[in-house]
Amino acid sequence: MAGAGRLSGRAEIGEPPDGCCCSYENVLVHRTSPVTETSAICQLFLNWALYDEAIVPAEDLPTMNLIRTRAILLSALLFSAQGAMAQAVAQDCPPQVKVSPKEMKRLAHSAQPDRGPLWEISKDGHLSYLYGTIHLARLEWDFPGPTILKALRSARTVVVEMDITRPGMAATMLAPMPQQAADASSPLYQSLLARTDQQLRKACADPENFKGASLASKMASLTLLSARRRGLYADFAIDAALIGFARYTRKDIIELEQPSDQRRVISQTQLASLERNLDDVESGKTEDDLSALALAWERGDMGGIAALCKQLQCQGEQQYYEERNKVFAAGIAKAMAGPGPAFIGVGFLHMLGPDSVIDQLRAMGFEVRQVAMSGKS
């Protein structure tokens with residue numbers, strides 16, 4: 001979430017991560033270049049520097065292709081929007097992410113409305129903020145409105161599902177899973193794998209970039225890639241923007257789960273469920289559903305989101321949500337026991353249903369109140 005206007009001074013600015021220099025030229029990743037974890041971290045950090053203009057003047061930046069870390073819905077695989085693009089196999093490729101410094105500066109210095117749902121959570125005199133994030137977004141959604149920005153600035157820590165920029169994350173998430181090995185020899189698995197690779201090529205993404213990933217991880221990535229024709233990109237994931245903010249302002253980052261937690265849940269995904277998901281991608285239903293959900297998220301209307309989600313059956317894998325919701329709620333309670341307010345970002349679908357993160361927190365004695373937002377679009 002790049003800041004609307006300047007942050008509050010150079011004294012609050014963190015040092016660039018190891019391996020970064022204060023120049024965009026050192027972190028630009030072109031289409032044919034691999035994305036390293038260091039470059040992804042540098043990008044997140046320096047995006048914030050642009051809005052403050054304390055590290056590098058925006059007018060001196062060369063034209064660039066904006067690269068962000070993809071916050072993958074199920075697997076947190078690290079790959080770039082441009083890096084995932086191979087030589088175009090299909091003629092009708094989705095638009096690539098191209099953002100000029102001029103556009104970034106315009107957005108950084110323009111008033112933005114609040115987007116997405118925000119809650120205050122409190123217990124025993126400790127107050128924090130819970131923000132329902134989305135893993136697909138438009139560029140302008142990374143620029144917070146006044147209510148979100150005020151909450152972010154007041155926080156001592158930023159809490160996220162996982163820090164996807166942590167060194168070694170990609171290798172950990174790509175490691176073979178026992179369930180994958182057990183299923184790999186089945187005819188259904190091989191059929192789904194071939195169909196998934198075919199859809200990746202249609203999306204102008206080279207399946208070789210996903211070599212070693214489980215079928216469930218590939219499907220998660222394919223799902224996100226399918227929304228690009230609607231102008232929605234995982235490159236602009238709100239979660240990744242929060243991490244960039246935390247690094248830039250020297251706020252502590254707390255993770256609610258570890259790769260092993262997410263891998264365990266992913267490994268339990270049934271082939272029948274993956275087949276349904278792939279059917280929806282091929283029919284175009286996934287693209288339509290993601291677009292509708294993203295626009296509902298932008299409005300921050302949880303009642304409307306819940307009704308739409310029921311209609312779309314967007315929480316089909318209940319076990320995926322229920323197990324993780326318990327982990328998230330316990331982690332939030334622990335984070336709030338520390339000093340100072342926390343700004344907590346968790347995917348907005350985890351706020352729905354009878355076993356939602358919000359219900360879990362209330363059962364633990366927390367008071368949870370949705371915040372009225374200003375300047376809704």
# chains A, B, ... in the order shown; residues from 1 in each chain; ligands from 1
>>> closest_atom_pairs(of="segment 155-250 of chain A", to="segment 115-132 of chain A", cutoff="12 Å", atoms="only C-alpha atoms", output="CSV")
residue,atom,partner,partner_atom,distance
A:Ala155,CA,A:Ser128,CA,7.6
A:Arg156,CA,A:Ser128,CA,9.7
A:Thr157,CA,A:Ser128,CA,9.7
A:Val158,CA,A:Tyr129,CA,9.7
A:Val159,CA,A:Leu130,CA,9.1
A:Val160,CA,A:Tyr131,CA,9.9
A:Glu161,CA,A:Gly132,CA,11.3
A:Ala237,CA,A:Gly132,CA,11.9
A:Ile238,CA,A:Gly132,CA,9.4
A:Asp239,CA,A:Gly132,CA,9.6
A:Leu242,CA,A:Tyr131,CA,10.4
>>> write_last_selection(atoms="N, CA, C and O atoms", output="compact mmCIF listing (two decimals), in the first residue's frame")
# COMPACT_ATOMS: atom_id res chain seq x y z
N ALA A 155 0.31 1.84 14.05
CA ALA A 155 0.69 0.49 14.48
C ALA A 155 2.18 0.40 14.78
O ALA A 155 3.00 1.01 14.11
N ARG A 156 2.48 -0.41 15.79
CA ARG A 156 3.88 -0.70 16.09
C ARG A 156 4.36 -1.92 15.31
O ARG A 156 5.53 -2.04 14.97
N THR A 157 3.45 -2.83 15.05
CA THR A 157 3.79 -4.04 14.30
C THR A 157 2.79 -4.23 13.16
O THR A 157 1.65 -3.78 13.23
N VAL A 158 3.24 -4.90 12.11
CA VAL A 158 2.37 -5.30 11.00
C VAL A 158 2.32 -6.82 11.00
O VAL A 158 3.37 -7.48 10.96
N VAL A 159 1.13 -7.36 11.07
CA VAL A 159 0.93 -8.80 11.16
C VAL A 159 0.34 -9.29 9.84
O VAL A 159 -0.66 -8.74 9.36
N VAL A 160 0.95 -10.31 9.26
CA VAL A 160 0.49 -10.86 7.97
C VAL A 160 0.39 -12.38 8.07
O VAL A 160 0.91 -12.99 9.01
N GLU A 161 -0.29 -12.97 7.10
CA GLU A 161 -0.40 -14.43 7.09
C GLU A 161 0.99 -15.05 7.04
O GLU A 161 1.34 -15.89 7.87
N ALA A 237 -1.02 -7.32 -4.91
CA ALA A 237 -1.65 -7.91 -3.73
C ALA A 237 -1.46 -7.00 -2.52
O ALA A 237 -0.36 -6.51 -2.25
N ILE A 238 -2.53 -6.78 -1.78
CA ILE A 238 -2.48 -5.90 -0.62
C ILE A 238 -1.51 -6.42 0.44
O ILE A 238 -0.81 -5.66 1.11
N ASP A 239 -1.45 -7.75 0.57
CA ASP A 239 -0.56 -8.35 1.57
C ASP A 239 0.89 -7.94 1.33
O ASP A 239 1.63 -7.59 2.26
N LEU A 242 1.55 -4.37 2.28
CA LEU A 242 1.69 -4.17 3.73
C LEU A 242 3.10 -4.52 4.19
O LEU A 242 3.67 -3.85 5.05
>>> residues_around(residues="Leu215 of chain A", least_positions_apart="4", cutoff="9 Å", atoms="only C-alpha atoms", output="PyMOL selection string")
chain A and resi 180+184+189+192-193+196+219-220+274
>>> residues_around(residues="segment 352-366 of chain A", least_positions_apart="5", cutoff="8 Å", atoms="only C-alpha atoms", output="list in words")
Ile121, Ser122, Lys123, Ala306, Tyr321, Glu322, Asn325, Lys326, Phe328, Ala329 and Ala333 of chain A
>>> select_by_dssp(residues="segment 249-376 of chain A", states="strand (DSSP E)", output="VMD selection string")
chain A and resid 252 to 255 342 to 347 367 to 370
>>> write_last_selection(atoms="C-alpha atoms", output="PDB file, in the first residue's frame")
ATOM      1  CA  ASP A 252       8.201  -5.311  13.100  1.00  0.00           C
ATOM      2  CA  ILE A 253       6.615  -8.014  10.928  1.00  0.00           C
ATOM      3  CA  ILE A 254       4.799 -10.872  12.661  1.00  0.00           C
ATOM      4  CA  GLU A 255       3.692 -13.962  10.732  1.00  0.00           C
ATOM      5  CA  ALA A 342      -0.862  -3.980  15.627  1.00  0.00           C
ATOM      6  CA  PHE A 343      -2.119  -3.680  12.067  1.00  0.00           C
ATOM      7  CA  ILE A 344      -3.217  -7.159  11.032  1.00  0.00           C
ATOM      8  CA  GLY A 345      -3.801  -8.154   7.406  1.00  0.00           C
ATOM      9  CA  VAL A 346      -5.681 -11.391   6.727  1.00  0.00           C
ATOM     10  CA  GLY A 347      -7.472 -12.446   3.529  1.00  0.00           C
ATOM     11  CA  GLU A 367     -14.494  -6.964  21.091  1.00  0.00           C
ATOM     12  CA  VAL A 368     -14.627  -6.631  17.302  1.00  0.00           C
ATOM     13  CA  ARG A 369     -16.168  -3.602  15.610  1.00  0.00           C
ATOM     14  CA  GLN A 370     -16.136  -2.782  11.915  1.00  0.00           C
TER      15      GLN A 370
END
>>> atom_distance(atom1="atom CA of Gly331 of chain A", atom2="atom CA of Thr223 of chain A")
27.7 Å
>>> closest_residue(among="A:Ser374, A:Gln96, A:Thr269, A:Ser226", to="Glu287 of chain A", atoms="only C-alpha atoms")
A:Ser226
>>> residues_around(residues="Val281 of chain A", least_positions_apart="4", cutoff="12 Å", atoms="only C-alpha atoms", output="list in words")
Arg195, Thr196, Gln198, Gln199, Leu200, Lys202, Ala203, Met219, Ala220, Ser221, Leu222, Thr223, Leu224, Leu225, Ser226, Ala227, Leu274, Glu275, Arg276, Asn277, Lys285, Thr286, Glu287, Asp288, Asp289 and Leu290 of chain A
>>> write_last_selection(atoms="C-alpha atoms", output="short mmCIF file (atom, residue, chain, number, x, y, z; two decimals), in the first residue's frame")
data_model
loop_
_atom_site.label_atom_id
_atom_site.label_comp_id
_atom_site.auth_asym_id
_atom_site.auth_seq_id
_atom_site.Cartn_x
_atom_site.Cartn_y
_atom_site.Cartn_z
CA ARG A 195 -4.92 -29.51 -18.63
CA THR A 196 -3.38 -27.11 -16.11
CA GLN A 198 -2.34 -26.10 -21.25
CA GLN A 199 -4.20 -23.31 -19.41
CA LEU A 200 -0.93 -21.81 -18.21
CA LYS A 202 -3.01 -19.97 -22.83
CA ALA A 203 -2.33 -17.45 -20.09
CA MET A 219 -3.93 -24.35 -9.77
CA ALA A 220 -3.70 -21.53 -7.23
CA SER A 221 -1.35 -19.62 -9.52
CA LEU A 222 -3.52 -20.30 -12.56
CA THR A 223 -6.56 -19.03 -10.69
CA LEU A 224 -4.87 -15.71 -10.00
CA LEU A 225 -3.51 -15.40 -13.53
CA SER A 226 -7.03 -15.80 -14.91
CA ALA A 227 -8.10 -12.42 -13.51
CA LEU A 274 -8.95 -29.43 -8.12
CA GLU A 275 -10.89 -30.81 -11.08
CA ARG A 276 -13.87 -28.55 -10.25
CA ASN A 277 -11.55 -25.57 -9.95
CA LYS A 285 -16.39 -18.77 -14.39
CA THR A 286 -13.30 -18.20 -12.25
CA GLU A 287 -12.52 -14.95 -14.06
CA ASP A 288 -16.10 -13.72 -13.57
CA ASP A 289 -16.22 -14.74 -9.91
CA LEU A 290 -12.88 -13.15 -9.02
#
>>> atom_distance(atom1="atom CA of Arg264 of chain A", atom2="atom CA of Leu293 of chain A")
26.5 Å
>>> atom_distance(atom1="atom CA of Arg324 of chain A", atom2="atom CA of Lys211 of chain A")
26.6 Å
